[in-house]
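K.L.:
The structure's right below; bear with me while I get my questions together.
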Amino acid sequence: MGPVDEFKAVKVRVTECLHLASAHFGKAFPEIPVKFDLTGRVGGYYCYHKCDATGKVTQSFRFNRALVRENLSEYLDQICPHEVAHYIAGTEWGMWIQPHGVEWKSVMIEVFNLPPDRCHSMDTSSVAKRYFIYDCGCREHPLTKIKHNKILRGYGYRCSACSKPLSFKREEKPVNTNVNIISKLFVSTADAPLCDAHIRQISAMIIDHQVLALVADPLMKSDAKLQKLGRTLKVSDAAVARHPNPGTLPGGVTHAIIFGDRQVERQQRVAAAFELRGVIVRKVRAGMT
């Protein structure tokens with residue numbers, strides 16, 4: 001018997017799940033692209049994006065290539081149905097529903113006969129970020145693999161405090177812990193332009209989280225800065241958008257960061273509305289965390 005094609009097996013399993021859903025609901029669910037472009041500790045992600053300008057909708061299933069190779073059975077048993085359930089629930093009940101709400105749970109239980117587990121249980125230590133510890137004499141410096149490799153090629157780094165060159169001390173092995181996932185982050189500065197200070201502040205607040213999708217308040221008009229925020233948070237360009245309707249709130253939001261420096265009463269209403277939906281809300285002022 002030849003080697004198993006893990007990626008083909010995942011695609012076949014996705015198709016099987018779509019057929020199960022079609023039989024259950026009595027309607028066809030179109031197949032959408034299956035990609036293997038996720039990195040880090042995220043196992044899978046159903047990606048939905050609607051272009052504000054054209055209204056065009058793009059959808060895809062995204063999986064982690066490295067984790068698929070190491071955990072194929074977990075993907076076939078749990079992760080593929082998990083992500084397909086997001087697609088089915090969004091198609092049936094609308095994209096404004098909670099990502100792991102009653103609709104998604106009902107698909108997992110009634111269609112796939114599976115427990116509605118929100119997080120995977122895979123060992124992600126092989127894909128966890130490694131740090132290389134360097135020393136200058138006054139303190140230790142954790143460097144990424146990219147910077148470590150640059151030093152091996154002859155590039156020199158110096159401490160910004162004492163100006164002494166850095167010398168390698170040890171490699172710090174990654175800890176096998178589950179990454180904190182923010183499925184969809186809403187950011188609002190009201191009508192204040194999003195600026196670099198906001199970006200630094202937002203990044204600092206969620207430094208230990210991985211953001212999968214980013215949506216901005218429709219009052220925020222700085223598209224270039226929004227894209228910069230997306231890049232800073234390592235969100236794919238396709239998953240960064242500004243909500244088109246000032247009179248409504250976007251659906252599927254799991255976390256929100258609301259700046260209260262402008263239009264204070266309006267921002268309080270937005271925060272309260274999200275909290276009623278069960279969204280984790282952080283209310284802040286610029287320069288304060």
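In the structure tokens, the first chain shown is A, the next is B, and so on; residue numbers restart at 1 for each chain, and ligands run from 1 in the order shown.
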Please report, as a list in words, each residue of segment 103-219 of chain A to which DSSP assigns strand (DSSP E) when run on this structure's backbone.
P.N.:
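Reading the DSSP output for segment 103-219 of chain A, strand (DSSP E) covers Tyr131, Phe132, Ile133, Tyr134, Asp135, Glu140, His141, Pro142, Leu143, Ser167, Phe168, Lys169, Arg170, Glu171, Glu172, Asn180, Ile181, Ile182, Leu185, Phe186, Val187, Ser188, His209, Gln210, Val211, Leu214, Val215 and Ala216 of chain A.
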K.L.:
Residues of segment 62-285 of chain A in alpha helix (DSSP H) according to DSSP, as JSON, numbers by chain?
P.N.:
{"A": [65, 66, 67, 68, 69, 70, 72, 73, 74, 80, 81, 82, 83, 84, 85, 86, 87, 88, 89, 90, 91, 92, 93, 102, 103, 104, 105, 106, 145, 146, 147, 148, 149, 150, 151, 152, 196, 197, 198, 199, 200, 201, 202, 203, 204, 205, 223, 224, 225, 226, 227, 228, 229, 230, 231, 232, 264, 265, 266, 267, 268, 269, 270, 271, 272, 273, 274, 275, 276]}
K.L.:
Keeping C-alpha atoms for every residue in the selection just given, could you write it to a file as a PDB file, in the first residue's frame?
P.N.:
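Generated file (selection04.pdb):
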```pdb
ATOM      1  CA  ARG A  65      -0.401  21.914   6.278  1.00  0.00           C
ATOM      2  CA  ALA A  66       2.064  20.878   8.990  1.00  0.00           C
ATOM      3  CA  LEU A  67      -0.614  19.770  11.442  1.00  0.00           C
ATOM      4  CA  VAL A  68      -2.503  17.830   8.764  1.00  0.00           C
ATOM      5  CA  ARG A  69       0.595  15.734   8.140  1.00  0.00           C
ATOM      6  CA  GLU A  70       1.004  14.978  11.843  1.00  0.00           C
ATOM      7  CA  LEU A  72      -4.625  13.272   9.926  1.00  0.00           C
ATOM      8  CA  SER A  73      -7.073  11.242  12.029  1.00  0.00           C
ATOM      9  CA  GLU A  74      -7.921  14.311  14.134  1.00  0.00           C
ATOM     10  CA  CYS A  80     -13.051  18.937   8.909  1.00  0.00           C
ATOM     11  CA  PRO A  81     -16.619  18.554  10.259  1.00  0.00           C
ATOM     12  CA  HIS A  82     -15.976  21.468  12.637  1.00  0.00           C
ATOM     13  CA  GLU A  83     -15.106  23.873   9.811  1.00  0.00           C
ATOM     14  CA  VAL A  84     -17.774  22.565   7.444  1.00  0.00           C
ATOM     15  CA  ALA A  85     -20.303  23.133  10.242  1.00  0.00           C
ATOM     16  CA  HIS A  86     -19.323  26.825  10.271  1.00  0.00           C
ATOM     17  CA  TYR A  87     -19.993  27.004   6.530  1.00  0.00           C
ATOM     18  CA  ILE A  88     -23.333  25.208   6.822  1.00  0.00           C
ATOM     19  CA  ALA A  89     -24.497  27.251   9.816  1.00  0.00           C
ATOM     20  CA  GLY A  90     -23.559  30.533   8.149  1.00  0.00           C
ATOM     21  CA  THR A  91     -25.289  29.534   4.921  1.00  0.00           C
ATOM     22  CA  GLU A  92     -28.456  28.410   6.689  1.00  0.00           C
ATOM     23  CA  TRP A  93     -28.839  31.067   9.385  1.00  0.00           C
ATOM     24  CA  VAL A 102     -26.548  27.059  18.942  1.00  0.00           C
ATOM     25  CA  GLU A 103     -26.721  26.898  15.136  1.00  0.00           C
ATOM     26  CA  TRP A 104     -23.169  25.608  14.753  1.00  0.00           C
ATOM     27  CA  LYS A 105     -23.661  23.192  17.653  1.00  0.00           C
ATOM     28  CA  SER A 106     -26.835  21.819  16.095  1.00  0.00           C
ATOM     29  CA  LYS A 145      14.670  32.009  14.111  1.00  0.00           C
ATOM     30  CA  ILE A 146      14.890  34.545  11.273  1.00  0.00           C
ATOM     31  CA  LYS A 147      17.194  36.841  13.244  1.00  0.00           C
ATOM     32  CA  HIS A 148      19.153  33.872  14.582  1.00  0.00           C
ATOM     33  CA  ASN A 149      19.802  32.660  11.034  1.00  0.00           C
ATOM     34  CA  LYS A 150      20.874  36.164   9.977  1.00  0.00           C
ATOM     35  CA  ILE A 151      23.457  36.151  12.762  1.00  0.00           C
ATOM     36  CA  LEU A 152      24.717  32.765  11.571  1.00  0.00           C
ATOM     37  CA  ASP A 196      -0.118  54.120  14.591  1.00  0.00           C
ATOM     38  CA  ALA A 197      -0.684  54.698  18.314  1.00  0.00           C
ATOM     39  CA  HIS A 198      -3.979  52.802  18.107  1.00  0.00           C
ATOM     40  CA  ILE A 199      -2.266  49.979  16.231  1.00  0.00           C
ATOM     41  CA  ARG A 200       0.468  49.661  18.851  1.00  0.00           C
ATOM     42  CA  GLN A 201      -2.091  49.724  21.645  1.00  0.00           C
ATOM     43  CA  ILE A 202      -4.327  47.089  20.047  1.00  0.00           C
ATOM     44  CA  SER A 203      -1.352  44.865  19.296  1.00  0.00           C
ATOM     45  CA  ALA A 204      -0.145  45.092  22.898  1.00  0.00           C
ATOM     46  CA  MET A 205      -3.575  44.162  24.275  1.00  0.00           C
ATOM     47  CA  ASP A 223      -8.278  51.879   4.872  1.00  0.00           C
ATOM     48  CA  ALA A 224      -4.483  52.044   4.672  1.00  0.00           C
ATOM     49  CA  LYS A 225      -4.167  52.024   8.455  1.00  0.00           C
ATOM     50  CA  LEU A 226      -6.732  49.227   8.714  1.00  0.00           C
ATOM     51  CA  GLN A 227      -4.635  47.117   6.370  1.00  0.00           C
ATOM     52  CA  LYS A 228      -1.556  47.977   8.433  1.00  0.00           C
ATOM     53  CA  LEU A 229      -3.367  46.834  11.577  1.00  0.00           C
ATOM     54  CA  GLY A 230      -4.243  43.595   9.806  1.00  0.00           C
ATOM     55  CA  ARG A 231      -0.615  43.019   8.850  1.00  0.00           C
ATOM     56  CA  THR A 232       0.526  43.829  12.387  1.00  0.00           C
ATOM     57  CA  VAL A 264     -18.637  58.480  23.962  1.00  0.00           C
ATOM     58  CA  GLU A 265     -22.345  57.681  24.234  1.00  0.00           C
ATOM     59  CA  ARG A 266     -22.389  55.970  20.855  1.00  0.00           C
ATOM     60  CA  GLN A 267     -19.340  53.883  21.765  1.00  0.00           C
ATOM     61  CA  GLN A 268     -20.974  52.860  25.036  1.00  0.00           C
ATOM     62  CA  ARG A 269     -24.053  51.691  23.125  1.00  0.00           C
ATOM     63  CA  VAL A 270     -21.913  49.684  20.707  1.00  0.00           C
ATOM     64  CA  ALA A 271     -20.028  48.044  23.570  1.00  0.00           C
ATOM     65  CA  ALA A 272     -23.255  47.233  25.420  1.00  0.00           C
ATOM     66  CA  ALA A 273     -24.825  45.725  22.294  1.00  0.00           C
ATOM     67  CA  PHE A 274     -21.833  43.470  21.756  1.00  0.00           C
ATOM     68  CA  GLU A 275     -21.826  42.414  25.400  1.00  0.00           C
ATOM     69  CA  LEU A 276     -25.474  41.370  25.079  1.00  0.00           C
TER      70      LEU A 276
END
```
K.L.:
Do you know which residues are at most 9 Å from Val253 of chain A counting only C-alpha atoms, after dropping those on the same chain fewer than 5 positions away, and could you put them as a PyMOL selection string?
P.N.:
chain A and resi 96-99+182-186+213-215+274+277+279-280
K.L.:
Just give me the gap between atom CA of Pro142 of chain A and atom CA of Cys159 of chain A in Å, one decimal is fine.
P.N.:
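Atom CA of Cys159 of chain A lies at a distance of 11.6 Å from atom CA of Pro142 of chain A.
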K.L.:
Please determine, counting only C-alpha atoms, which residue among A:Val187, A:Ala239, A:Met220, A:Ala53 has the shortest atom-to-atom distance to Val284 of chain A.
P.N.:
A:Val187
K.L.:
So which residues touch Asp77 of chain A within 10 Å, counting only C-alpha atoms, skipping near sequence neighbours fewer than 6 positions away, as a list in words?
P.N.:
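The neighbour list is Arg13, Phe112 and Leu114 of chain A.
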K.L.:
Excluding same-chain residues fewer than 2 positions from Lys221 of chain A, what lies within 12 Å of it counting only C-alpha atoms, as a PyMOL selection string?
P.N.:
chain A and resi 188-195+216-219+223-227+241-244+246
